[in-house]
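Source file: structure.pdb; contents: PDB, C-alpha atoms and all ligand atoms.
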ATOM      1  CA  MET A   1      49.563 -64.222 -24.442
ATOM      2  CA  ASN A   2      47.090 -67.022 -24.963
ATOM      3  CA  VAL A   3      44.250 -67.990 -22.591
ATOM      4  CA  LEU A   4      42.510 -71.340 -22.939
ATOM      5  CA  VAL A   5      38.859 -71.305 -21.855
ATOM      6  CA  LEU A   6      37.089 -74.456 -20.644
ATOM      7  CA  VAL A   7      33.290 -74.051 -20.430
ATOM      8  CA  GLY A   8      31.540 -76.737 -18.380
ATOM      9  CA  SER A   9      28.115 -76.422 -19.987
ATOM     10  CA  LEU A  10      27.789 -78.253 -23.290
ATOM     11  CA  ARG A  11      24.609 -76.558 -24.477
ATOM     12  CA  PRO A  12      24.815 -73.859 -27.157
ATOM     13  CA  ASP A  13      22.668 -71.294 -25.330
ATOM     14  CA  SER A  14      24.659 -71.622 -22.118
ATOM     15  CA  THR A  15      24.801 -68.797 -19.603
ATOM     16  CA  ASN A  16      28.316 -69.971 -18.754
ATOM     17  CA  ARG A  17      29.295 -69.513 -22.389
ATOM     18  CA  ARG A  18      27.919 -65.966 -22.150
ATOM     19  CA  LEU A  19      29.984 -65.454 -19.007
ATOM     20  CA  ALA A  20      33.078 -66.792 -20.791
ATOM     21  CA  ASP A  21      32.477 -64.384 -23.687
ATOM     22  CA  ALA A  22      32.004 -61.454 -21.277
ATOM     23  CA  ALA A  23      35.258 -62.398 -19.495
ATOM     24  CA  VAL A  24      37.191 -62.644 -22.765
ATOM     25  CA  ALA A  25      35.917 -59.189 -23.766
ATOM     26  CA  HIS A  26      37.628 -57.805 -20.635
ATOM     27  CA  LEU A  27      41.037 -59.287 -21.395
ATOM     28  CA  PRO A  28      43.724 -56.818 -22.464
ATOM     29  CA  ALA A  29      43.908 -56.329 -26.242
ATOM     30  CA  ASP A  30      47.161 -58.248 -26.626
ATOM     31  CA  VAL A  31      45.664 -61.417 -25.074
ATOM     32  CA  GLN A  32      44.161 -64.094 -27.309
ATOM     33  CA  ALA A  33      41.513 -66.451 -25.942
ATOM     34  CA  THR A  34      40.431 -69.803 -27.337
ATOM     35  CA  VAL A  35      37.526 -71.913 -26.147
ATOM     36  CA  PHE A  36      38.248 -75.656 -26.271
ATOM     37  CA  GLU A  37      35.094 -76.766 -28.095
ATOM     38  CA  ARG A  38      35.440 -80.549 -27.784
ATOM     39  CA  LEU A  39      34.872 -81.349 -24.112
ATOM     40  CA  ALA A  40      31.865 -83.469 -25.097
ATOM     41  CA  ASP A  41      34.113 -85.658 -27.279
ATOM     42  CA  LEU A  42      36.537 -86.517 -24.469
ATOM     43  CA  PRO A  43      36.115 -90.086 -23.238
ATOM     44  CA  HIS A  44      35.954 -90.558 -19.484
ATOM     45  CA  TYR A  45      39.484 -90.582 -18.185
ATOM     46  CA  SER A  46      40.969 -94.059 -17.864
ATOM     47  CA  GLU A  47      44.557 -95.055 -17.273
ATOM     48  CA  GLU A  48      43.931 -97.803 -19.848
ATOM     49  CA  LEU A  49      43.656 -95.073 -22.506
ATOM     50  CA  ASP A  50      46.555 -93.024 -21.210
ATOM     51  CA  HIS A  51      49.339 -94.587 -23.284
ATOM     52  CA  ASP A  52      50.947 -93.399 -26.502
ATOM     53  CA  ASP A  53      49.319 -96.175 -28.527
ATOM     54  CA  ALA A  54      45.826 -95.699 -27.048
ATOM     55  CA  LEU A  55      45.574 -91.976 -26.264
ATOM     56  CA  PRO A  56      42.439 -90.508 -27.889
ATOM     57  CA  GLU A  57      43.227 -87.721 -30.344
ATOM     58  CA  VAL A  58      40.942 -85.296 -28.516
ATOM     59  CA  ALA A  59      42.810 -85.910 -25.249
ATOM     60  CA  ARG A  60      46.130 -85.322 -26.997
ATOM     61  CA  ASP A  61      44.732 -82.104 -28.496
ATOM     62  CA  LEU A  62      43.469 -80.919 -25.107
ATOM     63  CA  ARG A  63      46.854 -81.550 -23.509
ATOM     64  CA  GLU A  64      48.579 -79.666 -26.329
ATOM     65  CA  ALA A  65      46.141 -76.764 -26.010
ATOM     66  CA  VAL A  66      46.817 -76.556 -22.261
ATOM     67  CA  ALA A  67      50.577 -76.822 -22.807
ATOM     68  CA  ASP A  68      50.415 -73.978 -25.368
ATOM     69  CA  ALA A  69      48.270 -71.777 -23.108
ATOM     70  CA  ASP A  70      49.731 -69.161 -20.807
ATOM     71  CA  ALA A  71      46.637 -69.314 -18.601
ATOM     72  CA  LEU A  72      43.408 -71.222 -18.094
ATOM     73  CA  LEU A  73      39.923 -69.905 -17.478
ATOM     74  CA  LEU A  74      37.500 -72.466 -16.062
ATOM     75  CA  VAL A  75      33.842 -71.444 -16.449
ATOM     76  CA  THR A  76      31.457 -73.692 -14.595
ATOM     77  CA  PRO A  77      27.772 -74.261 -13.977
ATOM     78  CA  GLU A  78      26.868 -76.107 -10.782
ATOM     79  CA  TYR A  79      25.527 -79.638 -11.154
ATOM     80  CA  ASN A  80      24.351 -81.198  -7.909
ATOM     81  CA  GLY A  81      26.589 -78.980  -5.866
ATOM     82  CA  SER A  82      29.807 -79.359  -7.837
ATOM     83  CA  LEU A  83      31.507 -79.221 -11.240
ATOM     84  CA  PRO A  84      29.794 -80.886 -14.212
ATOM     85  CA  SER A  85      31.508 -84.165 -15.038
ATOM     86  CA  ALA A  86      32.663 -82.909 -18.471
ATOM     87  CA  LEU A  87      34.743 -80.214 -16.821
ATOM     88  CA  LYS A  88      36.172 -82.440 -14.085
ATOM     89  CA  ASN A  89      37.030 -85.004 -16.755
ATOM     90  CA  ALA A  90      38.936 -82.362 -18.742
ATOM     91  CA  VAL A  91      40.940 -81.390 -15.656
ATOM     92  CA  ASP A  92      41.652 -85.075 -14.984
ATOM     93  CA  TRP A  93      43.008 -85.555 -18.519
ATOM     94  CA  THR A  94      45.220 -82.482 -18.289
ATOM     95  CA  SER A  95      46.558 -83.469 -14.853
ATOM     96  CA  ARG A  96      48.377 -86.512 -16.270
ATOM     97  CA  PRO A  97      50.973 -87.844 -16.880
ATOM     98  CA  ARG A  98      51.801 -87.420 -13.211
ATOM     99  CA  GLY A  99      54.894 -85.275 -12.776
ATOM    100  CA  ALA A 100      54.802 -84.059 -16.401
ATOM    101  CA  SER A 101      51.291 -82.673 -16.784
ATOM    102  CA  ALA A 102      50.387 -79.795 -19.071
ATOM    103  CA  ILE A 103      48.541 -77.990 -16.316
ATOM    104  CA  ALA A 104      51.295 -77.908 -13.683
ATOM    105  CA  GLY A 105      52.241 -74.328 -12.831
ATOM    106  CA  THR A 106      49.745 -72.787 -15.276
ATOM    107  CA  PRO A 107      48.001 -69.663 -13.957
ATOM    108  CA  ALA A 108      44.237 -70.228 -13.755
ATOM    109  CA  ALA A 109      41.008 -68.579 -12.655
ATOM    110  CA  VAL A 110      37.472 -69.838 -12.084
ATOM    111  CA  LEU A 111      34.129 -68.289 -12.990
ATOM    112  CA  GLY A 112      30.670 -69.750 -12.617
ATOM    113  CA  ALA A 113      27.032 -69.031 -13.438
ATOM    114  CA  SER A 114      23.894 -70.745 -12.227
ATOM    115  CA  GLY A 115      20.187 -70.159 -12.437
ATOM    116  CA  SER A 116      19.927 -69.897  -8.674
ATOM    117  CA  PRO A 117      21.062 -66.882  -6.641
ATOM    118  CA  ARG A 118      23.877 -68.985  -5.126
ATOM    119  CA  ALA A 119      25.932 -68.268  -8.248
ATOM    120  CA  ALA A 120      27.500 -71.737  -8.565
ATOM    121  CA  GLN A 121      29.442 -71.122  -5.354
ATOM    122  CA  TRP A 122      30.107 -74.784  -4.575
ATOM    123  CA  ALA A 123      31.154 -75.499  -8.164
ATOM    124  CA  ARG A 124      33.507 -72.520  -8.108
ATOM    125  CA  GLU A 125      35.020 -73.635  -4.820
ATOM    126  CA  ASP A 126      35.454 -77.152  -6.166
ATOM    127  CA  GLY A 127      36.940 -75.738  -9.381
ATOM    128  CA  VAL A 128      39.602 -73.880  -7.408
ATOM    129  CA  ARG A 129      40.357 -76.994  -5.361
ATOM    130  CA  VAL A 130      40.654 -79.453  -8.253
ATOM    131  CA  LEU A 131      42.791 -77.037 -10.279
ATOM    132  CA  ARG A 132      45.072 -76.564  -7.304
ATOM    133  CA  VAL A 133      45.354 -80.309  -6.701
ATOM    134  CA  ALA A 134      46.075 -80.743 -10.426
ATOM    135  CA  GLY A 135      48.991 -78.332  -9.990
ATOM    136  CA  ALA A 136      47.689 -75.121 -11.555
ATOM    137  CA  ASP A 137      48.579 -71.765 -10.025
ATOM    138  CA  VAL A 138      44.963 -70.812  -9.418
ATOM    139  CA  LEU A 139      43.627 -67.490  -8.158
ATOM    140  CA  GLU A 140      41.736 -67.939  -4.888
ATOM    141  CA  ASP A 141      39.112 -65.331  -5.833
ATOM    142  CA  THR A 142      36.364 -66.307  -8.249
ATOM    143  CA  VAL A 143      33.446 -64.506  -9.862
ATOM    144  CA  GLY A 144      29.959 -65.998  -9.665
ATOM    145  CA  VAL A 145      26.832 -64.967 -11.507
ATOM    146  CA  GLY A 146      23.530 -65.889  -9.848
ATOM    147  CA  SER A 147      20.089 -65.805 -11.466
ATOM    148  CA  ALA A 148      22.107 -66.132 -14.650
ATOM    149  CA  PHE A 149      19.203 -66.275 -17.094
ATOM    150  CA  GLN A 150      18.473 -62.609 -16.300
ATOM    151  CA  ALA A 151      22.075 -61.437 -15.851
ATOM    152  CA  PHE A 152      23.221 -60.603 -19.399
ATOM    153  CA  ALA A 153      22.222 -58.067 -22.052
ATOM    154  CA  ASP A 154      24.071 -57.489 -25.325
ATOM    155  CA  GLY A 155      26.821 -59.876 -24.272
ATOM    156  CA  ARG A 156      27.592 -58.054 -21.035
ATOM    157  CA  LEU A 157      26.689 -58.452 -17.387
ATOM    158  CA  THR A 158      23.986 -55.932 -16.542
ATOM    159  CA  ASP A 159      25.180 -55.534 -12.925
ATOM    160  CA  PRO A 160      28.044 -52.983 -13.132
ATOM    161  CA  GLU A 161      29.669 -54.123  -9.866
ATOM    162  CA  LEU A 162      29.727 -57.723 -11.032
ATOM    163  CA  ASP A 163      31.096 -56.647 -14.396
ATOM    164  CA  ASP A 164      33.871 -54.717 -12.585
ATOM    165  CA  ALA A 165      34.664 -57.817 -10.523
ATOM    166  CA  LEU A 166      34.876 -59.866 -13.722
ATOM    167  CA  ARG A 167      37.182 -57.339 -15.368
ATOM    168  CA  GLY A 168      39.349 -57.240 -12.228
ATOM    169  CA  LEU A 169      39.686 -61.015 -12.063
ATOM    170  CA  VAL A 170      40.659 -61.579 -15.710
ATOM    171  CA  ARG A 171      43.103 -58.686 -15.597
ATOM    172  CA  ARG A 172      44.705 -60.179 -12.480
ATOM    173  CA  LEU A 173      45.024 -63.460 -14.348
ATOM    174  CA  ALA A 174      46.863 -61.658 -17.159
ATOM    175  CA  GLU A 175      49.117 -59.947 -14.575
ATOM    176  CA  GLN A 176      49.883 -63.325 -13.034
ATOM    177  CA  VAL A 177      51.054 -64.596 -16.435
ATOM    178  CA  ARG A 178      53.332 -61.574 -16.776
ATOM    179  CA  ALA A 179      54.692 -62.164 -13.253
ATOM    180  CA  HIS A 180      55.405 -65.808 -14.160
ATOM    181  CA  ARG A 181      57.295 -64.697 -17.254
ATOM    182  CA  THR A 182      59.355 -62.177 -15.302
ATOM    183  CA  ALA A 183      60.232 -64.820 -12.708
ATOM    184  CA  ALA A 184      61.190 -67.395 -15.382
TER     185      ALA A 184
HETATM  186  C1  LIG B 201      21.565 -78.072 -12.214
HETATM  187  N1  LIG B 201      21.436 -76.787 -11.735
HETATM  188  C2  LIG B 201      21.890 -76.489 -10.465
HETATM  189  N2  LIG B 201      21.960 -75.177 -10.032
HETATM  190  C3  LIG B 201      22.482 -74.899  -8.809
HETATM  191  O1  LIG B 201      22.539 -73.729  -8.439
HETATM  192  N3  LIG B 201      22.909 -75.890  -7.977
HETATM  193  C4  LIG B 201      22.874 -77.198  -8.337
HETATM  194  O2  LIG B 201      23.310 -78.064  -7.597
HETATM  195  C5  LIG B 201      22.334 -77.524  -9.616
HETATM  196  N4  LIG B 201      22.279 -78.822 -10.044
HETATM  197  C6  LIG B 201      21.986 -79.102 -11.346
HETATM  198  C7  LIG B 201      22.140 -80.402 -11.818
HETATM  199  C8  LIG B 201      21.926 -80.682 -13.168
HETATM  200  C9  LIG B 201      22.157 -82.072 -13.670
HETATM  201  C10 LIG B 201      21.523 -79.636 -14.049
HETATM  202  C11 LIG B 201      21.298 -79.914 -15.529
HETATM  203  C12 LIG B 201      21.331 -78.366 -13.583
HETATM  204  C13 LIG B 201      20.957 -75.700 -12.587
HETATM  205  C14 LIG B 201      22.125 -75.071 -13.379
HETATM  206  O3  LIG B 201      22.840 -74.216 -12.521
HETATM  207  C15 LIG B 201      21.575 -74.262 -14.534
HETATM  208  O4  LIG B 201      20.980 -75.181 -15.441
HETATM  209  C16 LIG B 201      22.693 -73.479 -15.186
HETATM  210  O5  LIG B 201      22.194 -72.366 -15.779
HETATM  211  C17 LIG B 201      23.398 -74.285 -16.226
HETATM  212  O6  LIG B 201      24.371 -73.486 -16.848
HETATM  213  P1  LIG B 201      24.282 -73.133 -18.416
HETATM  214  O7  LIG B 201      23.957 -74.377 -19.157
HETATM  215  O8  LIG B 201      23.238 -72.062 -18.598
HETATM  216  O9  LIG B 201      25.659 -72.594 -18.694
END
Could you render the structure from this file as structure tokens?
Amino acid sequence: MNVLVLVGSLRPDSTNRRLADAAVAHLPADVQATVFERLADLPHYSEELDHDDALPEVARDLREAVADADALLLVTPEYNGSLPSALKNAVDWTSRPRGASAIAGTPAAVLGASGSPRAAQWAREDGVRVLRVAGADVLEDTVGVGSAFQAFADGRLTDPELDDALRGLVRRLAEQVRAHRTAA
């Protein structure tokens, strides 16, 4: 099983990257996770670019990575009450071509971290909504980390209840993939 991770913060010392790493550490041993590292290289989505002869290589690669993934993990900071544009742009690219998108039917879950105690709640809610509209089979529950600059030590969440919630969510995502396979 292969999980593709999209991290909405582009900075190296990102708390959302730490959250993504902590989530991946909770995945069952037989699950592989890959972070798509090139969100910053994606041009803004335009239908002018969305043709075989104009499609940017990075957009093609993102679509292939989503098509190859059994599940998606969206990890988002909150920028002005919503998803950062880099992350929304990635979802927009993967949601096309309409009717044949890579993301349709893919199990997905949303996590978010912010410096404030509100734990990126609006961004997480928006992440669930845009993934659902894009056609993913997204878990309604999310995990949010507030006051994120103080929340990690040695690569783990220091709050045991939050860490349990994180483990529970990523394990449910893996179960959802197995349920999809059984139904197929
Ligand atoms: C923010 N931040 C922020 N935080 C929040 O709780 N609600 C918000 O609406 C915003 N808005 C916002 C806009 C912009 C442009 C920036 C750069 C930041 C703070 C943000 O949550 C904080 O920087 C996170 O820690 C960023 O995540 P990383 O980079 O640590 O993963």
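One distance worth recording is that between atom C15 of ligand LIG 201 (chain B) and atom CA of Phe149 of chain A, which is 8.7 Å.
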Expanded to explicit residues, what is the PyMOL selection byres (((not hetatm)) within 9 of (chain B and resi 201)) for this file, as a short mmCIF file (atom, residue, chain, number, x, y, z; two decimals) with C-alpha atoms, in the coordinates of the input?
data_model
loop_
_atom_site.label_atom_id
_atom_site.label_comp_id
_atom_site.auth_asym_id
_atom_site.auth_seq_id
_atom_site.Cartn_x
_atom_site.Cartn_y
_atom_site.Cartn_z
CA VAL A 7 33.29 -74.05 -20.43
CA GLY A 8 31.54 -76.74 -18.38
CA SER A 9 28.12 -76.42 -19.99
CA LEU A 10 27.79 -78.25 -23.29
CA ARG A 11 24.61 -76.56 -24.48
CA PRO A 12 24.82 -73.86 -27.16
CA ASP A 13 22.67 -71.29 -25.33
CA SER A 14 24.66 -71.62 -22.12
CA THR A 15 24.80 -68.80 -19.60
CA ASN A 16 28.32 -69.97 -18.75
CA ARG A 17 29.30 -69.51 -22.39
CA ARG A 18 27.92 -65.97 -22.15
CA LEU A 19 29.98 -65.45 -19.01
CA VAL A 75 33.84 -71.44 -16.45
CA THR A 76 31.46 -73.69 -14.60
CA PRO A 77 27.77 -74.26 -13.98
CA GLU A 78 26.87 -76.11 -10.78
CA TYR A 79 25.53 -79.64 -11.15
CA ASN A 80 24.35 -81.20 -7.91
CA GLY A 81 26.59 -78.98 -5.87
CA SER A 82 29.81 -79.36 -7.84
CA PRO A 84 29.79 -80.89 -14.21
CA GLY A 112 30.67 -69.75 -12.62
CA ALA A 113 27.03 -69.03 -13.44
CA SER A 114 23.89 -70.74 -12.23
CA GLY A 115 20.19 -70.16 -12.44
CA SER A 116 19.93 -69.90 -8.67
CA PRO A 117 21.06 -66.88 -6.64
CA ARG A 118 23.88 -68.98 -5.13
CA ALA A 119 25.93 -68.27 -8.25
CA ALA A 120 27.50 -71.74 -8.56
CA GLN A 121 29.44 -71.12 -5.35
CA TRP A 122 30.11 -74.78 -4.58
CA ALA A 123 31.15 -75.50 -8.16
CA GLY A 146 23.53 -65.89 -9.85
CA SER A 147 20.09 -65.81 -11.47
CA ALA A 148 22.11 -66.13 -14.65
CA PHE A 149 19.20 -66.28 -17.09
#
- Chain and number of each residue from the PyMOL selection byres (((chain A and resi 158-169) around 10) and not hetatm), as an MDAnalysis selection string: chainID A and resid 19 22:28 109:111 139 141:145 150:157 170:175
- Suppose you want the space between atom CA of Glu140 of chain A and atom CA of Pro107 of chain A; what is it in Å? 11.2 Å
- Looking at all atoms listed in the file, which of A:Val3, A:Val35, A:Ala71, A:Ala59 is the one that sits closest to His180 of chain A?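 The closest residue to His180 of chain A is A:Ala71.
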- Message: One decimal, in Å: what's the spacing between atom CA of Asp53 of chain A and atom CA of Thr106 of chain A?
- Response: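 Calculated distance between atom CA of Asp53 of chain A and atom CA of Thr106 of chain A is 26.9 Å.
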- Which is closer to Val5 of chain A than all the others in A:Ser95, A:Ala40, A:Leu72, A:Val58, using all atoms listed in the file?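 When distances to Val5 of chain A are compared using all atoms listed in the file, the smallest one comes from A:Leu72.
Take the candidates A:Leu83, A:Leu49, A:Leu74, A:Leu42 and check each one against Leu62 of chain A using all atoms listed in the file; the shortest distance goes to A:Leu42.
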- Message: Can you spell out as a list of chain:residue names the set of residues that the PyMOL selection byres (((chain A and resi 135) around 12) and not hetatm) selects in the structure I just provided?
- Response: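 Listing what the PyMOL selection byres (((chain A and resi 135) around 12) and not hetatm) selects in the shown file: A:Val91, A:Asp92, A:Thr94, A:Ser95, A:Arg96, A:Pro97, A:Arg98, A:Gly99, A:Ala100, A:Ser101, A:Ala102, A:Ile103, A:Ala104, A:Gly105, A:Thr106, A:Pro107, A:Ala108, A:Val128, A:Arg129, A:Val130, A:Leu131, A:Arg132, A:Val133, A:Ala134, A:Ala136, A:Asp137, A:Val138.
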- Task: Counting all atoms listed in the file, figure out which residue out of A:Ala69, A:Met1, A:Ala86, A:Val31 gets nearest to Pro43 of chain A.
- Result: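 Nearest to Pro43 of chain A: A:Ala86.
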